[in-house]
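This is query.pdb (PDB, C-alpha atoms).
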```pdb
ATOM      1  CA  MET A  25      29.031  -8.601   3.180
ATOM      2  CA  ILE A  26      27.122 -11.305   1.313
ATOM      3  CA  LYS A  27      24.144 -12.714   3.265
ATOM      4  CA  GLU A  28      21.107 -14.916   2.747
ATOM      5  CA  ILE A  29      17.465 -14.785   3.784
ATOM      6  CA  THR A  30      14.608 -17.074   2.810
ATOM      7  CA  PHE A  31      11.082 -15.740   2.290
ATOM      8  CA  GLY A  32       7.770 -17.477   1.731
ATOM      9  CA  ALA A  33       5.068 -15.141   0.443
ATOM     10  CA  GLY A  34       2.758 -17.241  -1.669
ATOM     11  CA  CYS A  35       3.874 -18.434  -5.076
ATOM     12  CA  PHE A  36       7.647 -18.399  -5.405
ATOM     13  CA  TRP A  37       7.377 -17.100  -8.982
ATOM     14  CA  CYS A  38       6.155 -13.739  -7.623
ATOM     15  CA  ILE A  39       8.836 -13.469  -4.952
ATOM     16  CA  GLU A  40      11.576 -14.380  -7.402
ATOM     17  CA  ALA A  41      10.380 -11.947 -10.094
ATOM     18  CA  CYS A  42      10.242  -9.020  -7.678
ATOM     19  CA  PHE A  43      13.425  -9.595  -5.702
ATOM     20  CA  ASN A  44      15.465 -10.310  -8.852
ATOM     21  CA  GLU A  45      14.923  -6.656  -9.813
ATOM     22  CA  VAL A  46      16.354  -5.187  -6.596
ATOM     23  CA  ASN A  47      19.766  -3.549  -6.611
ATOM     24  CA  GLY A  48      22.010  -5.429  -4.185
ATOM     25  CA  VAL A  49      20.205  -8.737  -4.616
ATOM     26  CA  LEU A  50      22.695 -11.072  -6.225
ATOM     27  CA  CYS A  51      20.609 -14.196  -6.677
ATOM     28  CA  VAL A  52      17.093 -15.445  -5.990
ATOM     29  CA  THR A  53      16.451 -19.176  -6.022
ATOM     30  CA  PRO A  54      12.941 -20.626  -5.787
ATOM     31  CA  GLY A  55      12.606 -23.711  -3.652
ATOM     32  CA  TYR A  56      11.002 -25.532  -0.781
ATOM     33  CA  MET A  57      11.626 -25.381   2.948
ATOM     34  CA  GLY A  58      10.037 -26.889   6.020
ATOM     35  CA  GLY A  59       9.646 -30.498   4.953
ATOM     36  CA  ASP A  60      11.936 -33.367   4.115
ATOM     37  CA  ALA A  61      13.814 -34.409   0.991
ATOM     38  CA  SER A  62      11.277 -37.051  -0.040
ATOM     39  CA  THR A  63       8.574 -34.392  -0.549
ATOM     40  CA  ALA A  64      10.727 -31.562  -1.927
ATOM     41  CA  ASN A  65       9.170 -31.483  -5.379
ATOM     42  CA  TYR A  66       6.455 -29.377  -6.965
ATOM     43  CA  ASP A  67       3.815 -32.107  -7.255
ATOM     44  CA  ALA A  68       4.193 -33.217  -3.642
ATOM     45  CA  VAL A  69       4.301 -29.666  -2.272
ATOM     46  CA  CYS A  70       1.215 -28.635  -4.280
ATOM     47  CA  SER A  71      -0.672 -31.639  -2.930
ATOM     48  CA  GLY A  72      -0.766 -29.840   0.412
ATOM     49  CA  THR A  73       0.411 -32.923   2.282
ATOM     50  CA  THR A  74       3.947 -31.765   3.098
ATOM     51  CA  ASN A  75       5.315 -29.276   5.612
ATOM     52  CA  HIS A  76       7.095 -27.358   2.882
ATOM     53  CA  ALA A  77       6.486 -23.746   1.958
ATOM     54  CA  GLU A  78       7.213 -22.394  -1.484
ATOM     55  CA  VAL A  79      10.090 -20.027  -0.768
ATOM     56  CA  ALA A  80      12.750 -17.941  -2.409
ATOM     57  CA  MET A  81      16.267 -17.849  -1.026
ATOM     58  CA  VAL A  82      17.612 -14.343  -1.525
ATOM     59  CA  ILE A  83      21.371 -13.777  -1.594
ATOM     60  CA  PHE A  84      22.172 -10.112  -1.109
ATOM     61  CA  ASP A  85      24.979  -7.663  -0.454
ATOM     62  CA  ASP A  86      24.085  -5.848   2.758
ATOM     63  CA  GLU A  87      26.430  -3.009   1.854
ATOM     64  CA  ILE A  88      24.077  -2.219  -1.049
ATOM     65  CA  ILE A  89      20.690  -3.207   0.405
ATOM     66  CA  SER A  90      19.942  -3.666   4.080
ATOM     67  CA  PHE A  91      18.104  -6.589   5.588
ATOM     68  CA  GLU A  92      15.573  -4.101   6.976
ATOM     69  CA  LYS A  93      14.818  -2.882   3.428
ATOM     70  CA  LEU A  94      14.352  -6.470   2.284
ATOM     71  CA  LEU A  95      11.851  -6.931   5.129
ATOM     72  CA  GLU A  96       9.938  -3.884   3.892
ATOM     73  CA  LEU A  97       9.876  -5.352   0.388
ATOM     74  CA  PHE A  98       8.783  -8.757   1.711
ATOM     75  CA  TRP A  99       5.772  -7.324   3.518
ATOM     76  CA  PHE A 100       4.873  -5.194   0.510
ATOM     77  CA  VAL A 101       4.931  -8.006  -2.040
ATOM     78  CA  HIS A 102       2.159 -10.062  -0.396
ATOM     79  CA  ASP A 103      -0.709  -9.902   2.087
ATOM     80  CA  PRO A 104       0.719 -11.151   5.385
ATOM     81  CA  THR A 105      -2.753 -11.410   6.942
ATOM     82  CA  GLN A 106      -3.881 -14.300   4.760
ATOM     83  CA  LEU A 107      -3.360 -17.574   6.578
ATOM     84  CA  ASN A 108      -2.010 -20.316   4.305
ATOM     85  CA  ARG A 109      -2.892 -18.540   1.099
ATOM     86  CA  GLN A 110      -2.199 -15.657  -1.225
ATOM     87  CA  GLY A 111      -5.226 -14.704  -3.277
ATOM     88  CA  ASN A 112      -6.408 -17.746  -5.221
ATOM     89  CA  ASP A 113      -3.324 -19.762  -4.214
ATOM     90  CA  VAL A 114      -4.530 -21.744  -1.206
ATOM     91  CA  GLY A 115      -2.648 -24.174   0.999
ATOM     92  CA  PHE A 116      -0.107 -24.429   3.792
ATOM     93  CA  HIS A 117       2.674 -24.286   1.191
ATOM     94  CA  TYR A 118       1.626 -20.697   0.332
ATOM     95  CA  ARG A 119       2.033 -19.458   3.904
ATOM     96  CA  SER A 120       3.722 -16.201   4.815
ATOM     97  CA  VAL A 121       7.025 -17.059   6.470
ATOM     98  CA  ILE A 122      10.477 -15.671   7.088
ATOM     99  CA  PHE A 123      13.120 -18.349   7.555
ATOM    100  CA  TYR A 124      15.868 -16.419   9.311
ATOM    101  CA  HIS A 125      19.506 -17.408   8.905
ATOM    102  CA  ASP A 126      20.875 -15.917  12.153
ATOM    103  CA  ASN A 127      19.721 -14.345  15.428
ATOM    104  CA  THR A 128      20.123 -10.807  14.122
ATOM    105  CA  GLN A 129      17.686 -11.545  11.295
ATOM    106  CA  LYS A 130      15.305 -13.150  13.798
ATOM    107  CA  GLU A 131      15.359 -10.114  16.087
ATOM    108  CA  LEU A 132      14.971  -7.643  13.217
ATOM    109  CA  ALA A 133      12.128  -9.631  11.654
ATOM    110  CA  ILE A 134      10.243  -9.832  14.956
ATOM    111  CA  ALA A 135      10.767  -6.123  15.622
ATOM    112  CA  TYR A 136       9.653  -5.161  12.108
ATOM    113  CA  LYS A 137       6.567  -7.377  12.356
ATOM    114  CA  GLU A 138       5.657  -5.748  15.675
ATOM    115  CA  LYS A 139       6.253  -2.274  14.233
ATOM    116  CA  ILE A 140       3.990  -2.773  11.227
ATOM    117  CA  SER A 141       1.386  -4.587  13.328
ATOM    118  CA  ILE A 142       0.778  -1.493  15.451
ATOM    119  CA  MET A 143       0.647   0.703  12.346
ATOM    120  CA  ASN A 144      -2.694  -0.953  11.399
ATOM    121  CA  ILE A 145      -1.798  -1.122   7.706
ATOM    122  CA  TRP A 146      -4.069  -4.148   7.290
ATOM    123  CA  ASP A 147      -7.547  -4.764   8.705
ATOM    124  CA  LYS A 148      -6.555  -8.179  10.045
ATOM    125  CA  PRO A 149      -3.603  -9.344  12.156
ATOM    126  CA  ILE A 150      -0.337 -10.361  10.505
ATOM    127  CA  VAL A 151       0.051 -14.151  10.452
ATOM    128  CA  THR A 152       3.616 -14.301   9.108
ATOM    129  CA  GLU A 153       5.679 -17.027  10.741
ATOM    130  CA  ILE A 154       9.236 -16.233  11.768
ATOM    131  CA  SER A 155      11.115 -19.518  11.899
ATOM    132  CA  PRO A 156      14.706 -20.746  11.878
ATOM    133  CA  ILE A 157      16.092 -21.857   8.554
ATOM    134  CA  SER A 158      15.845 -25.536   7.805
ATOM    135  CA  VAL A 159      17.102 -27.459   4.800
ATOM    136  CA  PHE A 160      16.547 -25.562   1.551
ATOM    137  CA  TYR A 161      15.631 -27.649  -1.471
ATOM    138  CA  PRO A 162      15.966 -25.794  -4.783
ATOM    139  CA  ALA A 163      12.885 -26.087  -6.978
ATOM    140  CA  GLU A 164      12.980 -27.839 -10.308
ATOM    141  CA  LYS A 165      14.952 -25.930 -12.957
ATOM    142  CA  TYR A 166      11.846 -24.898 -14.915
ATOM    143  CA  HIS A 167      10.790 -22.692 -11.974
ATOM    144  CA  GLU A 168      13.915 -20.530 -12.224
ATOM    145  CA  ASN A 169      13.276 -17.136 -13.844
ATOM    146  CA  TYR A 170       9.732 -18.330 -14.464
ATOM    147  CA  LEU A 171       8.273 -15.000 -15.545
ATOM    148  CA  LYS A 172      11.182 -14.240 -17.853
ATOM    149  CA  ASN A 173      10.984 -17.693 -19.431
ATOM    150  CA  ASN A 174       7.165 -17.893 -19.541
ATOM    151  CA  PRO A 175       5.873 -14.339 -20.104
ATOM    152  CA  ASN A 176       2.726 -15.554 -21.870
ATOM    153  CA  ASN A 177       1.717 -17.993 -19.154
ATOM    154  CA  PRO A 178      -1.793 -16.947 -17.989
ATOM    155  CA  TYR A 179      -0.787 -16.972 -14.297
ATOM    156  CA  CYS A 180       2.212 -14.800 -15.088
ATOM    157  CA  GLN A 181       0.070 -12.355 -17.050
ATOM    158  CA  SER A 182      -2.662 -12.102 -14.413
ATOM    159  CA  MET A 183      -0.668 -12.379 -11.178
ATOM    160  CA  VAL A 184       3.108 -12.151 -11.476
ATOM    161  CA  ARG A 185       3.439  -9.344 -14.048
ATOM    162  CA  PRO A 186       0.975  -6.928 -12.343
ATOM    163  CA  LYS A 187       2.620  -7.548  -8.954
ATOM    164  CA  LEU A 188       6.083  -6.951 -10.431
ATOM    165  CA  ASP A 189       4.947  -3.778 -12.226
ATOM    166  CA  LYS A 190       3.495  -2.325  -9.015
ATOM    167  CA  PHE A 191       6.594  -3.361  -7.060
ATOM    168  CA  LYS A 192       8.898  -1.671  -9.586
ATOM    169  CA  GLU A 193       6.784   1.493  -9.561
ATOM    170  CA  VAL A 194       6.755   1.851  -5.766
ATOM    171  CA  PHE A 195      10.423   0.946  -5.303
ATOM    172  CA  SER A 196      11.859   2.443  -8.492
ATOM    173  CA  ASP A 197      14.710   4.038  -6.534
ATOM    174  CA  ILE A 198      16.241   0.659  -5.659
ATOM    175  CA  MET A 199      15.671  -1.254  -8.891
ATOM    176  CA  LYS A 200      18.563  -2.538 -11.005
TER
END
```

Starting from the coordinates I provided, produce the structure as structure tokens.
Amino acid sequence: MIKEITFGAGCFWCIEACFNEVNGVLCVTPGYMGGDASTANYDAVCSGTTNHAEVAMVIFDDEIISFEKLLELFWFVHDPTQLNRQGNDVGFHYRSVIFYHDNTQKELAIAYKEKISIMNIWDKPIVTEISPISVFYPAEKYHENYLKNNPNNPYCQSMVRPKLDKFKEVFSDIMK
């Protein structure tokens, strides 16, 4: 069955690049969620004055990849203990958040967060928000497939590419 989930884990270029490589993921769309239409654009969101998070909406086939596996990938691809930031990317729009699309996703996300919290994987508590989906605003077209279309961009070379390479190495068994 085809389903959707929306993740915020810092810069949406990183989320998109990683999840696009996963077998069973049909589409990943970078965008904004949490604010209103008037501020759903890159300049406004980066100003830090909106309620938006940079997110990626992931459309997947749950007969090929489970939601639980996507949760594992989500928590791997970023540091969920950093409040309103990922590395040098700082601001509320870079927060760690799961926007669930139904109650099953909500329950599974909460249970998975509790499970990994007691495993003490990180030195600090997990700050990932688990919130109901709100209106999704697709990002400007130039953000789509950003790494693929901008491989020489310095941010892509220093942040996105290394994260994607590590992701592909660890999860090689589920890559396309």

Closest contacts (stretch 88-192 of chain A/stretch 27-51 of chain A, max 8 Å, all atoms listed in the file) as JSON lines:
```
{"residue": "A:Ile88", "atom": "CA", "partner": "A:Gly48", "partner_atom": "CA", "distance": 4.9}
{"residue": "A:Ile89", "atom": "CA", "partner": "A:Gly48", "partner_atom": "CA", "distance": 5.3}
{"residue": "A:Phe98", "atom": "CA", "partner": "A:Phe31", "partner_atom": "CA", "distance": 7.4}
{"residue": "A:Val101", "atom": "CA", "partner": "A:Ile39", "partner_atom": "CA", "distance": 7.3}
{"residue": "A:His102", "atom": "CA", "partner": "A:Ala33", "partner_atom": "CA", "distance": 5.9}
{"residue": "A:Asp103", "atom": "CA", "partner": "A:Ala33", "partner_atom": "CA", "distance": 8.0}
{"residue": "A:Pro104", "atom": "CA", "partner": "A:Ala33", "partner_atom": "CA", "distance": 7.7}
{"residue": "A:Arg109", "atom": "CA", "partner": "A:Gly34", "partner_atom": "CA", "distance": 6.4}
{"residue": "A:Gln110", "atom": "CA", "partner": "A:Gly34", "partner_atom": "CA", "distance": 5.2}
{"residue": "A:Asp113", "atom": "CA", "partner": "A:Gly34", "partner_atom": "CA", "distance": 7.1}
{"residue": "A:His117", "atom": "CA", "partner": "A:Gly34", "partner_atom": "CA", "distance": 7.6}
{"residue": "A:Tyr118", "atom": "CA", "partner": "A:Gly34", "partner_atom": "CA", "distance": 4.2}
{"residue": "A:Arg119", "atom": "CA", "partner": "A:Gly34", "partner_atom": "CA", "distance": 6.0}
{"residue": "A:Ser120", "atom": "CA", "partner": "A:Ala33", "partner_atom": "CA", "distance": 4.7}
{"residue": "A:Val121", "atom": "CA", "partner": "A:Gly32", "partner_atom": "CA", "distance": 4.8}
{"residue": "A:Ile122", "atom": "CA", "partner": "A:Phe31", "partner_atom": "CA", "distance": 4.8}
{"residue": "A:Phe123", "atom": "CA", "partner": "A:Thr30", "partner_atom": "CA", "distance": 5.1}
{"residue": "A:Tyr124", "atom": "CA", "partner": "A:Ile29", "partner_atom": "CA", "distance": 6.0}
{"residue": "A:His125", "atom": "CA", "partner": "A:Ile29", "partner_atom": "CA", "distance": 6.1}
{"residue": "A:Ile157", "atom": "CA", "partner": "A:Thr30", "partner_atom": "CA", "distance": 7.6}
{"residue": "A:His167", "atom": "CA", "partner": "A:Trp37", "partner_atom": "CA", "distance": 7.2}
{"residue": "A:Asn169", "atom": "CA", "partner": "A:Ala41", "partner_atom": "CA", "distance": 7.0}
{"residue": "A:Tyr170", "atom": "CA", "partner": "A:Trp37", "partner_atom": "CA", "distance": 6.1}
{"residue": "A:Leu171", "atom": "CA", "partner": "A:Ala41", "partner_atom": "CA", "distance": 6.6}
{"residue": "A:Met183", "atom": "CA", "partner": "A:Cys38", "partner_atom": "CA", "distance": 7.8}
{"residue": "A:Val184", "atom": "CA", "partner": "A:Cys38", "partner_atom": "CA", "distance": 5.2}
{"residue": "A:Lys187", "atom": "CA", "partner": "A:Cys38", "partner_atom": "CA", "distance": 7.3}
{"residue": "A:Leu188", "atom": "CA", "partner": "A:Cys42", "partner_atom": "CA", "distance": 5.4}
{"residue": "A:Phe191", "atom": "CA", "partner": "A:Cys42", "partner_atom": "CA", "distance": 6.8}
{"residue": "A:Lys192", "atom": "CA", "partner": "A:Cys42", "partner_atom": "CA", "distance": 7.7}
```

Please enumerate the residues selected by the PyMOL selection byres ((chain A and resi 62-75) around 9) when evaluated against the supplied file, formatted as an MDAnalysis selection string.
chainID A and resid 55:61 76:78 115:117 161:164

Please determine, counting only C-alpha atoms, which residue among A:Tyr179, A:Phe160, A:Tyr136, A:Tyr166 has the shortest atom-to-atom distance to A:Leu97.
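Distance minimum relative to A:Leu97 lands on A:Tyr136.
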
Kindly indicate which residue among A:Val159, A:Met199, A:Ala135, A:Val194 lies nearest to A:Phe100, using all atoms listed in the file for the distances.
A:Val194

Have a look at atom CA of A:Lys190 and atom CA of A:Asn174 and let me know their distance in Å, one decimal.
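Separation between atom CA of A:Lys190 and atom CA of A:Asn174: 19.1 Å.
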
Taking the file above as input, evaluate the PyMOL selection byres ((chain A and resi 151) around 7) and report the hits as a compact mmCIF listing (two decimals) with C-alpha atoms, keeping the file's coordinate frame.
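Saved as result_21.txt:
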```txt
# COMPACT_ATOMS: atom_id res chain seq x y z
CA PRO A 104 0.72 -11.15 5.38
CA THR A 105 -2.75 -11.41 6.94
CA GLN A 106 -3.88 -14.30 4.76
CA LEU A 107 -3.36 -17.57 6.58
CA PRO A 149 -3.60 -9.34 12.16
CA ILE A 150 -0.34 -10.36 10.50
CA THR A 152 3.62 -14.30 9.11
CA GLU A 153 5.68 -17.03 10.74
```

Please report, as lines of an AutoDock Vina configuration file, the centre and edge lengths in Å to one decimal of an axis-aligned box covering all listed atoms of stretch 84-101 of chain A with 3 Å per side.
```
center_x = 15.7
center_y = -6.2
center_z = 2.5
size_x = 27.6
size_y = 13.9
size_z = 15.0
```

Length of the atom CA of A:Asn176 to atom CA of A:Asp197 vector [Å]:
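Atom CA of A:Asp197 lies 27.6 Å from atom CA of A:Asn176.
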
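Shortest atom-to-atom contact with A:Gly111 among A:Asn173, A:Ser182, A:Gln129, A:Ser90: A:Ser182, counting all atoms listed in the file.
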
Would you mind reading off the distance between atom CA of A:Ile198 and atom CA of A:Pro178, one decimal, in Å?
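Separation between atom CA of A:Ile198 and atom CA of A:Pro178: 28.1 Å.
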
Residue among A:Val52, A:Val82, A:Met25, A:Ile134 lying closest to A:Leu94, counting all atoms listed in the file
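For A:Leu94, the nearest of the given residues is A:Val82.
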
Using all atoms listed in the file: which of A:Cys180, A:Met143, A:Val114, A:Leu132 has the shortest distance to A:Phe91
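Among the listed residues, the smallest separation from A:Phe91 belongs to A:Leu132.
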
For each of A:Phe195, A:Ile26, A:Leu95, A:Asp85, take the minimum atom-to-atom distance to A:Lys139, counting all atoms listed in the file, then give the residue where this is smallest.
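Among the listed residues, A:Leu95 lies closest to A:Lys139.
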